[in-house]
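Structure file run-v7.csv with CSV, C-alpha atoms:
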```
chain,number,residue,atom,x,y,z
A,1468,MET,CA,149.3,42.7,94.5
A,1469,THR,CA,146.4,43.5,96.9
A,1470,LEU,CA,142.9,44.3,95.7
A,1471,LEU,CA,143.5,48.0,96.5
A,1472,GLU,CA,146.8,48.1,94.7
A,1473,MET,CA,145.3,46.4,91.7
A,1474,PHE,CA,142.5,49.0,91.3
A,1475,GLU,CA,144.8,51.9,92.1
A,1476,ALA,CA,147.1,50.8,89.3
A,1477,LYS,CA,144.1,50.6,86.9
A,1478,LEU,CA,143.1,54.2,87.8
A,1479,ARG,CA,146.7,55.5,87.4
A,1480,LYS,CA,146.4,54.4,83.8
A,1481,ASP,CA,143.0,55.9,83.3
A,1482,PRO,CA,142.1,58.5,86.0
A,1483,LYS,CA,138.4,59.0,86.8
A,1484,THR,CA,136.1,61.3,88.8
A,1485,ILE,CA,133.7,60.2,91.6
A,1486,VAL,CA,130.8,62.0,93.3
A,1487,PHE,CA,130.4,62.0,97.1
A,1488,PRO,CA,126.8,63.2,98.0
A,1489,GLU,CA,127.8,63.5,101.6
A,1490,GLY,CA,130.3,66.2,101.0
A,1491,ASN,CA,130.7,67.5,104.5
A,1492,ASP,CA,131.1,64.2,106.4
A,1493,PRO,CA,134.5,63.9,108.0
A,1494,ARG,CA,135.0,60.3,106.6
A,1495,ILE,CA,134.3,61.5,103.1
A,1496,LEU,CA,136.6,64.5,103.6
A,1497,GLU,CA,139.4,62.2,104.8
A,1498,ALA,CA,139.0,60.0,101.7
A,1499,ALA,CA,138.8,63.0,99.4
A,1500,SER,CA,142.0,64.4,100.8
A,1501,ARG,CA,143.8,61.2,100.2
A,1502,LEU,CA,142.4,60.9,96.6
A,1503,LEU,CA,143.5,64.5,95.8
A,1504,ALA,CA,147.0,63.7,97.0
A,1505,ALA,CA,147.1,60.4,95.0
A,1506,ASN,CA,146.1,62.3,91.8
A,1507,PHE,CA,144.3,59.5,90.0
A,1508,LEU,CA,140.7,59.8,91.2
A,1509,PHE,CA,139.2,63.2,91.5
A,1510,PRO,CA,136.4,63.8,94.1
A,1511,ILE,CA,133.3,65.9,93.5
A,1512,LEU,CA,131.7,66.9,96.8
A,1513,ILE,CA,128.1,67.8,96.9
A,1514,GLY,CA,127.0,70.6,99.3
A,1515,ASN,CA,127.6,74.1,100.4
A,1516,GLU,CA,131.2,75.2,99.6
A,1517,ALA,CA,131.7,77.3,102.8
A,1518,GLU,CA,130.3,74.5,105.0
A,1519,ILE,CA,132.4,71.8,103.4
A,1520,TYR,CA,135.6,73.8,103.7
A,1521,ALA,CA,134.7,74.6,107.3
A,1522,ALA,CA,134.1,70.9,108.0
A,1523,ALA,CA,137.4,70.0,106.4
A,1524,GLU,CA,139.4,72.6,108.3
A,1525,GLU,CA,137.8,71.4,111.6
A,1526,ALA,CA,138.7,67.8,110.8
A,1527,GLY,CA,142.2,68.7,109.7
A,1528,TYR,CA,141.9,67.6,106.0
A,1529,ASN,CA,143.2,69.4,103.0
A,1530,ILE,CA,140.7,69.3,100.2
A,1531,ARG,CA,142.0,72.2,98.1
A,1532,GLY,CA,141.4,71.3,94.5
A,1533,ALA,CA,138.3,69.3,95.1
A,1534,LYS,CA,135.3,70.3,92.9
A,1535,ILE,CA,132.4,71.3,95.1
A,1536,ILE,CA,128.8,71.6,93.6
A,1537,GLU,CA,125.7,72.9,95.4
A,1538,PRO,CA,122.5,71.7,93.7
A,1539,ARG,CA,120.7,75.0,94.2
A,1540,THR,CA,123.3,77.0,92.3
A,1541,TYR,CA,124.4,74.4,89.7
A,1542,GLU,CA,124.6,76.1,86.4
A,1543,ARG,CA,123.2,73.1,84.5
A,1544,PHE,CA,120.3,72.5,86.8
A,1545,ASP,CA,117.6,73.3,84.3
A,1546,GLU,CA,119.2,70.9,81.8
A,1547,MET,CA,119.3,68.3,84.6
A,1548,VAL,CA,115.6,68.8,85.4
A,1549,ALA,CA,114.6,68.3,81.8
A,1550,GLU,CA,116.6,65.1,81.5
A,1551,PHE,CA,115.2,63.7,84.7
A,1552,VAL,CA,111.6,64.5,83.5
A,1553,ARG,CA,112.4,62.5,80.3
A,1554,LEU,CA,113.8,59.6,82.2
A,1555,ARG,CA,110.8,59.4,84.6
A,1556,ALA,CA,108.1,60.3,82.0
A,1557,HIS,CA,106.5,56.9,82.4
A,1558,LYS,CA,105.9,57.8,86.1
A,1559,ASN,CA,104.3,61.1,85.1
A,1560,MET,CA,107.2,63.2,86.4
A,1561,THR,CA,106.6,66.9,86.2
A,1562,GLU,CA,109.2,69.7,86.2
A,1563,GLU,CA,108.0,70.9,89.5
A,1564,LYS,CA,108.4,67.5,91.2
A,1565,ALA,CA,111.8,67.1,89.5
A,1566,ARG,CA,113.1,70.3,90.9
A,1567,VAL,CA,112.3,69.2,94.4
A,1568,ILE,CA,113.6,65.6,94.0
A,1569,LEU,CA,116.9,66.7,92.4
A,1570,LEU,CA,117.8,68.8,95.5
A,1571,HIS,CA,118.4,65.5,97.3
A,1572,PRO,CA,122.2,64.9,97.1
A,1573,ASN,CA,121.8,61.2,95.9
A,1574,TYR,CA,119.5,62.1,93.1
A,1575,PHE,CA,121.6,65.0,92.2
A,1576,GLY,CA,124.8,62.9,92.3
A,1577,CYS,CA,123.3,60.2,90.1
A,1578,MET,CA,122.3,62.8,87.6
A,1579,LEU,CA,125.8,64.3,87.5
A,1580,VAL,CA,127.0,60.8,86.5
A,1581,LYS,CA,124.2,60.4,84.0
A,1582,MET,CA,125.0,63.7,82.3
A,1583,GLY,CA,128.7,62.9,82.1
A,1584,GLU,CA,129.9,65.3,84.8
A,1585,ALA,CA,131.4,62.4,86.8
A,1586,ASP,CA,132.2,58.7,86.1
A,1587,SER,CA,130.9,57.2,89.3
A,1588,MET,CA,129.2,57.8,92.7
A,1589,LEU,CA,129.7,56.5,96.3
A,1590,SER,CA,127.2,57.2,99.0
A,1591,GLY,CA,125.8,55.7,102.3
A,1592,ALA,CA,128.0,57.0,105.1
A,1593,THR,CA,124.9,58.7,106.5
A,1594,TYR,CA,122.1,57.4,104.3
A,1595,ALA,CA,120.4,54.0,104.4
A,1596,ALA,CA,121.2,51.6,101.6
A,1597,GLY,CA,117.8,52.2,99.8
A,1598,ASP,CA,118.6,56.0,99.6
A,1599,THR,CA,121.5,55.2,97.4
A,1600,LEU,CA,120.0,52.3,95.5
A,1601,LEU,CA,116.7,53.8,94.5
A,1602,PRO,CA,118.1,56.9,92.7
A,1603,ALA,CA,120.7,54.7,91.0
A,1604,MET,CA,118.0,52.3,89.7
A,1605,GLN,CA,115.8,55.1,88.5
A,1606,ILE,CA,118.5,57.1,86.8
A,1607,LEU,CA,121.4,54.8,85.8
A,1608,LYS,CA,119.6,51.5,85.0
A,1609,LYS,CA,120.5,50.4,81.5
A,1610,GLU,CA,118.0,51.6,78.9
A,1611,GLY,CA,116.5,49.3,76.4
A,1612,GLU,CA,116.0,45.7,77.4
A,1613,PRO,CA,114.8,45.1,81.0
A,1614,LYS,CA,117.8,44.5,83.2
A,1615,THR,CA,117.9,43.0,86.7
A,1616,VAL,CA,119.9,45.3,89.0
A,1617,SER,CA,121.6,43.3,91.7
A,1618,SER,CA,124.5,43.4,94.1
A,1619,CYS,CA,127.3,41.3,95.4
A,1620,TYR,CA,129.9,41.3,98.1
A,1621,VAL,CA,133.6,40.5,97.5
A,1622,LEU,CA,135.4,38.9,100.4
A,1623,ASP,CA,139.2,38.8,100.6
A,1624,ARG,CA,141.5,37.2,103.1
A,1625,ALA,CA,145.3,36.9,103.0
A,1626,ASN,CA,147.1,34.0,104.6
A,1627,ALA,CA,150.5,34.1,106.4
A,1628,THR,CA,152.4,34.0,103.1
A,1629,GLY,CA,150.3,36.9,101.6
A,1630,GLU,CA,148.4,34.6,99.3
A,1631,SER,CA,144.7,35.8,98.9
A,1632,THR,CA,141.5,33.9,99.1
A,1633,ARG,CA,138.8,35.8,97.3
A,1634,ILE,CA,135.1,34.9,97.0
A,1635,VAL,CA,132.0,36.6,95.7
A,1636,MET,CA,128.5,36.3,97.1
A,1637,ALA,CA,125.2,37.5,95.6
A,1638,ASP,CA,122.6,38.8,95.7
A,1639,CYS,CA,122.9,39.9,99.3
A,1640,ALA,CA,121.2,43.4,99.3
A,1641,VAL,CA,118.8,44.1,96.4
A,1642,ASN,CA,116.5,41.3,95.1
A,1643,LEU,CA,114.3,39.9,97.9
A,1644,ASP,CA,113.3,36.7,96.1
A,1645,PRO,CA,114.6,36.6,92.5
A,1646,THR,CA,113.1,34.2,89.9
A,1647,ALA,CA,115.2,31.5,88.2
A,1648,ASP,CA,115.4,33.8,85.1
A,1649,GLU,CA,116.6,36.7,87.2
A,1650,LEU,CA,119.1,34.6,89.0
A,1651,ALA,CA,120.5,33.4,85.7
A,1652,GLU,CA,120.8,36.9,84.4
A,1653,ILE,CA,122.4,38.1,87.7
A,1654,CYS,CA,124.9,35.2,87.4
A,1655,GLY,CA,126.5,36.8,84.3
A,1656,ASP,CA,127.0,40.1,86.1
A,1657,VAL,CA,128.4,38.4,89.1
A,1658,ILE,CA,130.9,36.4,87.0
A,1659,GLN,CA,132.1,39.6,85.4
A,1660,CYS,CA,132.5,41.2,88.8
A,1661,ALA,CA,134.5,38.3,90.0
A,1662,LYS,CA,136.8,38.6,87.0
A,1663,ALA,CA,137.3,42.3,87.7
A,1664,PHE,CA,138.5,41.3,91.1
A,1665,GLY,CA,141.1,38.9,89.8
A,1666,ILE,CA,139.0,35.8,90.5
A,1667,GLU,CA,138.6,32.9,88.0
A,1668,PRO,CA,134.9,32.2,88.8
A,1669,LYS,CA,133.6,28.8,89.7
A,1670,THR,CA,130.0,29.5,90.3
A,1671,ALA,CA,127.7,27.5,92.6
A,1672,PHE,CA,123.9,28.0,92.9
A,1673,LEU,CA,123.3,27.3,96.5
A,1674,SER,CA,120.4,25.4,98.1
A,1675,TYR,CA,119.6,23.0,100.9
A,1676,SER,CA,119.8,20.3,98.2
A,1677,THR,CA,122.7,19.0,96.2
A,1678,ASN,CA,122.0,17.7,92.7
A,1679,GLY,CA,118.5,16.6,93.4
A,1680,SER,CA,119.0,15.2,96.9
A,1681,GLY,CA,116.2,17.4,98.3
A,1682,LYS,CA,112.8,18.6,97.1
A,1683,GLY,CA,111.0,21.9,97.3
A,1684,GLU,CA,110.1,25.1,95.4
A,1685,SER,CA,113.4,26.7,96.3
A,1686,VAL,CA,115.4,23.7,95.1
A,1687,ASP,CA,113.5,23.7,91.8
A,1688,LYS,CA,114.2,27.4,91.4
A,1689,MET,CA,118.0,27.1,92.0
A,1690,HIS,CA,118.3,24.0,89.8
A,1691,ALA,CA,116.4,25.8,87.0
A,1692,ALA,CA,118.5,28.9,87.5
A,1693,ALA,CA,121.8,27.0,87.2
A,1694,ALA,CA,120.5,25.3,84.0
A,1695,LYS,CA,119.5,28.6,82.5
A,1696,ALA,CA,122.9,30.2,83.5
A,1697,LYS,CA,124.8,27.4,81.8
A,1698,GLU,CA,122.8,28.0,78.6
A,1699,LEU,CA,123.5,31.8,78.8
A,1700,TYR,CA,127.2,31.5,79.6
A,1701,PRO,CA,128.4,28.2,78.1
A,1702,ASN,CA,132.0,29.0,78.5
A,1703,GLU,CA,131.8,29.6,82.3
A,1704,LEU,CA,132.1,27.0,85.1
A,1705,ILE,CA,128.6,27.0,86.6
A,1706,GLU,CA,126.9,24.2,88.7
A,1707,GLY,CA,123.8,23.8,90.9
A,1708,GLU,CA,121.9,23.3,92.8
A,1709,MET,CA,124.2,22.4,95.7
A,1710,GLN,CA,124.7,22.8,99.4
A,1711,MET,CA,127.5,25.0,100.8
A,1712,ASP,CA,129.5,22.0,102.1
A,1713,ALA,CA,129.4,20.4,98.6
A,1714,ALA,CA,130.4,23.7,97.1
A,1715,VAL,CA,133.6,24.3,99.2
A,1716,SER,CA,134.7,20.9,100.5
A,1717,PRO,CA,136.4,18.6,97.9
A,1718,ASN,CA,135.8,15.5,100.1
A,1719,VAL,CA,132.1,16.3,100.4
A,1720,ALA,CA,131.8,17.1,96.7
A,1721,LYS,CA,133.2,13.7,95.8
A,1722,LEU,CA,130.3,12.1,97.7
A,1723,LYS,CA,127.5,14.5,96.9
A,1724,PHE,CA,128.3,15.8,93.4
A,1725,PRO,CA,130.9,13.5,91.7
A,1726,GLY,CA,132.2,14.7,88.4
A,1727,SER,CA,131.5,18.4,88.9
A,1728,LYS,CA,134.2,20.9,88.0
A,1729,VAL,CA,132.7,23.4,90.5
A,1730,ALA,CA,131.7,21.4,93.5
A,1731,GLY,CA,134.4,21.4,96.2
A,1732,TYR,CA,136.2,24.5,94.6
A,1733,ALA,CA,133.5,27.1,94.2
A,1734,ASN,CA,134.4,30.7,94.8
A,1735,THR,CA,131.4,32.5,93.4
A,1736,PHE,CA,128.1,31.9,95.1
A,1737,LEU,CA,124.4,32.6,94.1
A,1738,PHE,CA,121.9,32.5,96.9
A,1739,PRO,CA,118.2,31.8,96.6
A,1740,ASP,CA,117.1,35.0,98.2
A,1741,VAL,CA,118.4,38.2,99.8
A,1742,GLN,CA,117.8,36.8,103.3
A,1743,SER,CA,120.0,33.8,102.9
A,1744,GLY,CA,122.6,35.8,101.0
A,1745,ASN,CA,122.8,38.6,103.6
A,1746,ILE,CA,123.1,36.0,106.4
A,1747,GLY,CA,125.6,34.0,104.5
A,1748,TYR,CA,128.1,36.7,103.6
A,1749,LYS,CA,128.0,38.1,107.2
A,1750,ILE,CA,128.8,34.6,108.6
A,1751,ALA,CA,131.7,34.3,106.2
A,1752,ALA,CA,133.0,37.7,106.9
A,1753,HIS,CA,132.8,37.7,110.7
A,1754,MET,CA,133.7,34.0,111.4
A,1755,GLY,CA,136.1,33.6,108.5
A,1756,ASN,CA,138.0,36.8,109.1
A,1757,PHE,CA,137.5,38.2,105.7
A,1758,SER,CA,137.7,41.8,104.6
A,1759,VAL,CA,134.4,42.8,102.9
A,1760,TYR,CA,133.9,45.0,99.8
A,1761,GLY,CA,130.4,46.0,98.9
A,1762,PRO,CA,127.6,46.1,98.3
A,1763,ILE,CA,128.7,46.4,94.7
A,1764,LEU,CA,125.8,47.2,92.5
A,1765,LEU,CA,125.5,45.3,89.2
A,1766,GLY,CA,123.4,45.8,86.1
A,1767,LEU,CA,123.7,49.6,86.1
A,1768,ASP,CA,125.0,51.7,83.2
A,1769,LYS,CA,127.6,53.4,85.4
A,1770,ASN,CA,129.3,52.6,88.6
A,1771,VAL,CA,127.5,53.5,91.8
A,1772,ASN,CA,128.1,51.8,95.1
A,1773,GLY,CA,127.0,52.1,98.8
A,1774,LEU,CA,128.8,52.4,102.1
A,1775,SER,CA,128.1,51.1,105.5
A,1776,ARG,CA,127.0,53.8,107.9
A,1777,GLY,CA,129.6,52.4,110.3
A,1778,CYS,CA,132.4,53.0,107.8
A,1779,ASN,CA,135.7,54.8,108.5
A,1780,GLY,CA,137.7,57.1,106.2
A,1781,GLN,CA,140.0,54.2,105.1
A,1782,GLU,CA,137.0,52.1,104.0
A,1783,VAL,CA,135.6,55.1,102.1
A,1784,TYR,CA,138.9,55.5,100.3
A,1785,ILE,CA,139.0,51.8,99.4
A,1786,MET,CA,135.4,51.7,98.2
A,1787,ALA,CA,135.9,54.9,96.2
A,1788,VAL,CA,138.8,53.3,94.3
A,1789,ILE,CA,136.9,50.1,93.7
A,1790,THR,CA,133.8,52.0,92.6
A,1791,ALA,CA,135.7,54.2,90.1
A,1792,ALA,CA,137.8,51.4,88.7
A,1793,GLY,CA,134.5,49.7,88.1
A,1794,VAL,CA,132.8,46.5,87.0
A,1795,ASN,CA,129.9,47.8,85.0
```

Translate this structure into structure tokens?
Amino acid sequence: MTLLEMFEAKLRKDPKTIVFPEGNDPRILEAASRLLAANFLFPILIGNEAEIYAAAEEAGYNIRGAKIIEPRTYERFDEMVAEFVRLRAHKNMTEEKARVILLHPNYFGCMLVKMGEADSMLSGATYAAGDTLLPAMQILKKEGEPKTVSSCYVLDRANATGESTRIVMADCAVNLDPTADELAEICGDVIQCAKAFGIEPKTAFLSYSTNGSGKGESVDKMHAAAAKAKELYPNELIEGEMQMDAAVSPNVAKLKFPGSKVAGYANTFLFPDVQSGNIGYKIAAHMGNFSVYGPILLGLDKNVNGLSRGCNGQEVYIMAVITAAGVN
């Protein structure tokens, strides 16, 4: 079963709804049309109804049956404003400011999810990544204890016999330079995401050092992060710090990290910072011929994910299914 088939099957058992803030984009309309035909994930398109139907007709997509909501005429807008003021009270949010902010489709979409009008949201076909991430963090971050919001990418590649190689890489999009404590916390969310994608996680904390072979502040951070993660998740296979070759090559692992149950066979990778993570997953994707899913946001109360601005309708459909099926 492919990743897409796995998540489609999950949604057939428990159908969901998903918000698309970019309601009149042809790629979104293509995905919405497919979802309506599939009848297990129901799209909510944000925007002007007449403009959305005109865009769909021009592009040749049937979106009859899709729910379309325009922020300015939304019947629960006053209730939404009051809830947003409550959520942002610590930032001195006023009703006047809230009414302006909530006209932005990404803020409005996140609030629809917050208020239970939808189960999930997918955005980013026309917006920068931060335009999706910031509203999600402000509105859908778990209340109570401080929680590190992070991200990961899932990479999938099938061989000639159809057998899949799947790996997870984090954090490649959100935290610029996470602390050891933050990395340890992120590790738990990444492990759960890996399991949701059918991966039995063997998690490596990556560095330019393997098991104390090198020195430096970054090495110390990754070694401490791995140790903390082992304490937090004692039933998981976690090791570090280690270099990438020791993480994936059994022969190298025997020399550099003998006795490790992770080294040589790692499939879930924690990077020291967003720069190395972003470079790393793109090298793997483009030189290793992997299909890439993400960024998948972790640590939120609900499922919200982003799209690449270069995405096509098929990619929107796949990410919508993955987002709604969810890992949070």

Kindly give the distance, in Å, that separates CA of Val1741 in chain A and CA of Cys1639 in chain A, rounded to a single decimal.
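So the answer is 4.8 Å.
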
Mind listing as number ranges by chain all residues within 9 Å of (123.6, 29.5, 92.2), counting all atoms listed in the file?
A: 1637, 1650-1651, 1654, 1670-1674, 1689-1690, 1692-1693, 1696, 1705-1709, 1735-1739

Generate a file of the selected residues that holds C-alpha atoms, formatted as a PDB file, in the coordinates of the input.
```
ATOM      1  CA  ALA A1637     125.200  37.500  95.600  1.00  0.00           C
ATOM      2  CA  LEU A1650     119.100  34.600  89.000  1.00  0.00           C
ATOM      3  CA  ALA A1651     120.500  33.400  85.700  1.00  0.00           C
ATOM      4  CA  CYS A1654     124.900  35.200  87.400  1.00  0.00           C
ATOM      5  CA  THR A1670     130.000  29.500  90.300  1.00  0.00           C
ATOM      6  CA  ALA A1671     127.700  27.500  92.600  1.00  0.00           C
ATOM      7  CA  PHE A1672     123.900  28.000  92.900  1.00  0.00           C
ATOM      8  CA  LEU A1673     123.300  27.300  96.500  1.00  0.00           C
ATOM      9  CA  SER A1674     120.400  25.400  98.100  1.00  0.00           C
ATOM     10  CA  MET A1689     118.000  27.100  92.000  1.00  0.00           C
ATOM     11  CA  HIS A1690     118.300  24.000  89.800  1.00  0.00           C
ATOM     12  CA  ALA A1692     118.500  28.900  87.500  1.00  0.00           C
ATOM     13  CA  ALA A1693     121.800  27.000  87.200  1.00  0.00           C
ATOM     14  CA  ALA A1696     122.900  30.200  83.500  1.00  0.00           C
ATOM     15  CA  ILE A1705     128.600  27.000  86.600  1.00  0.00           C
ATOM     16  CA  GLU A1706     126.900  24.200  88.700  1.00  0.00           C
ATOM     17  CA  GLY A1707     123.800  23.800  90.900  1.00  0.00           C
ATOM     18  CA  GLU A1708     121.900  23.300  92.800  1.00  0.00           C
ATOM     19  CA  MET A1709     124.200  22.400  95.700  1.00  0.00           C
ATOM     20  CA  THR A1735     131.400  32.500  93.400  1.00  0.00           C
ATOM     21  CA  PHE A1736     128.100  31.900  95.100  1.00  0.00           C
ATOM     22  CA  LEU A1737     124.400  32.600  94.100  1.00  0.00           C
ATOM     23  CA  PHE A1738     121.900  32.500  96.900  1.00  0.00           C
ATOM     24  CA  PRO A1739     118.200  31.800  96.600  1.00  0.00           C
TER      25      PRO A1739
END
```

Separation of CA of Ala1663 in chain A and CA of Val1794 in chain A, in Å?
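Taking CA of Ala1663 in chain A and CA of Val1794 in chain A, their separation equals 6.2 Å.
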
Counting all atoms listed in the file, the residue of A:Leu1471, A:Val1548, A:Pro1572, A:Arg1553 that sits nearest Gly1591 in chain A:
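Closest residue, counting all atoms listed in the file: A:Pro1572.
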
Find the residues near Asp1712 in chain A: any atom within 9 Å, counting all atoms listed in the file, skip ones fewer than 4 places away on the same chain, and give them as an NGL selection string.
:A and (1716-1717 or 1719-1720 or 1730-1731)

Near Asp1656 in chain A, counting all atoms listed in the file, which residues have an atom at most 8 Å away, once you skip same-chain residues fewer than 3 positions from it, shown as a ChimeraX atom specification?
/A:1652-1653,1659-1660,1765-1766

What is the distance, in Å and to one decimal place, between CA of Asp1545 in chain A and CA of Leu1601 in chain A?
22.0 Å

Skip range 1725-1729 of chain A itself and residues of its chain fewer than 4 positions away, then list as a count of residues only all residues within 6 Å of it, counting all atoms listed in the file.
3

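Residues in contact with range 1619-1624 of chain A at 7 Å, where all atoms listed in the file are counted and same-chain residues fewer than 6 positions away are skipped, are listed as A:Ser1631, A:Thr1632, A:Arg1633, A:Ile1634, A:Val1635, A:Met1636, A:Ala1637, A:Asp1638, A:Cys1639, A:Asn1756, A:Phe1757, A:Ser1758, A:Val1759, A:Tyr1760, A:Gly1761, A:Pro1762, A:Ile1763, A:Leu1764.
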
Among the residues A:Arg1555, A:Arg1494, A:Arg1479, A:Arg1776, the one that comes closest to Phe1507 in chain A [using all atoms listed in the file]:
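Smallest separation from Phe1507 in chain A among the options: A:Arg1479.
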
Best match for closeness to Ile1485 in chain A among A:Ser1587, A:Ser1500, A:Asn1770, A:Gln1781, counting all atoms listed in the file:
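The shortest atom-to-atom distance to Ile1485 in chain A comes from A:Ser1587.
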
If you count only C-alpha atoms, which residues fall within 10 Å of range 1537-1539 of chain A, apart from same-chain ones fewer than 4 positions away, as a list in words?
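Listing them by chain and then by number gives Gly1490, Leu1512, Ile1513, Gly1514, Asn1515, Glu1516, Arg1543, Phe1544, Arg1566, Leu1569, Leu1570, His1571, Pro1572, Phe1575 and Gly1576 of chain A.
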
Could you give me range 1648-1663 of chain A completed to N, CA and C atoms, formatted as a short mmCIF file (atom, residue, chain, number, x, y, z; two decimals), in the coordinates of the input?
```
data_model
loop_
_atom_site.label_atom_id
_atom_site.label_comp_id
_atom_site.auth_asym_id
_atom_site.auth_seq_id
_atom_site.Cartn_x
_atom_site.Cartn_y
_atom_site.Cartn_z
N ASP A 1648 114.92 32.98 86.24
CA ASP A 1648 115.40 33.80 85.10
C ASP A 1648 116.26 34.94 85.59
N GLU A 1649 115.80 35.60 86.65
CA GLU A 1649 116.60 36.70 87.20
C GLU A 1649 117.90 36.26 87.75
N LEU A 1650 117.90 35.14 88.45
CA LEU A 1650 119.10 34.60 89.00
C LEU A 1650 120.13 34.26 87.90
N ALA A 1651 119.64 33.70 86.82
CA ALA A 1651 120.50 33.40 85.70
C ALA A 1651 121.14 34.61 85.10
N GLU A 1652 120.33 35.66 84.97
CA GLU A 1652 120.80 36.90 84.40
C GLU A 1652 121.85 37.55 85.42
N ILE A 1653 121.51 37.55 86.69
CA ILE A 1653 122.40 38.10 87.70
C ILE A 1653 123.74 37.35 87.68
N CYS A 1654 123.69 36.05 87.44
CA CYS A 1654 124.90 35.20 87.40
C CYS A 1654 125.95 35.81 86.46
N GLY A 1655 125.52 36.27 85.29
CA GLY A 1655 126.50 36.80 84.30
C GLY A 1655 127.16 38.05 84.85
N ASP A 1656 126.40 38.94 85.51
CA ASP A 1656 127.00 40.10 86.10
C ASP A 1656 127.96 39.80 87.22
N VAL A 1657 127.58 38.82 88.03
CA VAL A 1657 128.40 38.40 89.10
C VAL A 1657 129.74 37.81 88.64
N ILE A 1658 129.66 37.02 87.59
CA ILE A 1658 130.90 36.40 87.00
C ILE A 1658 131.81 37.53 86.50
N GLN A 1659 131.26 38.54 85.84
CA GLN A 1659 132.10 39.60 85.40
C GLN A 1659 132.73 40.40 86.50
N CYS A 1660 131.98 40.58 87.59
CA CYS A 1660 132.50 41.20 88.80
C CYS A 1660 133.66 40.42 89.36
N ALA A 1661 133.47 39.12 89.46
CA ALA A 1661 134.50 38.30 90.00
C ALA A 1661 135.80 38.40 89.17
N LYS A 1662 135.68 38.41 87.87
CA LYS A 1662 136.80 38.60 87.00
C LYS A 1662 137.54 39.90 87.21
N ALA A 1663 136.74 40.96 87.43
CA ALA A 1663 137.30 42.30 87.70
C ALA A 1663 138.14 42.30 88.95
#
```
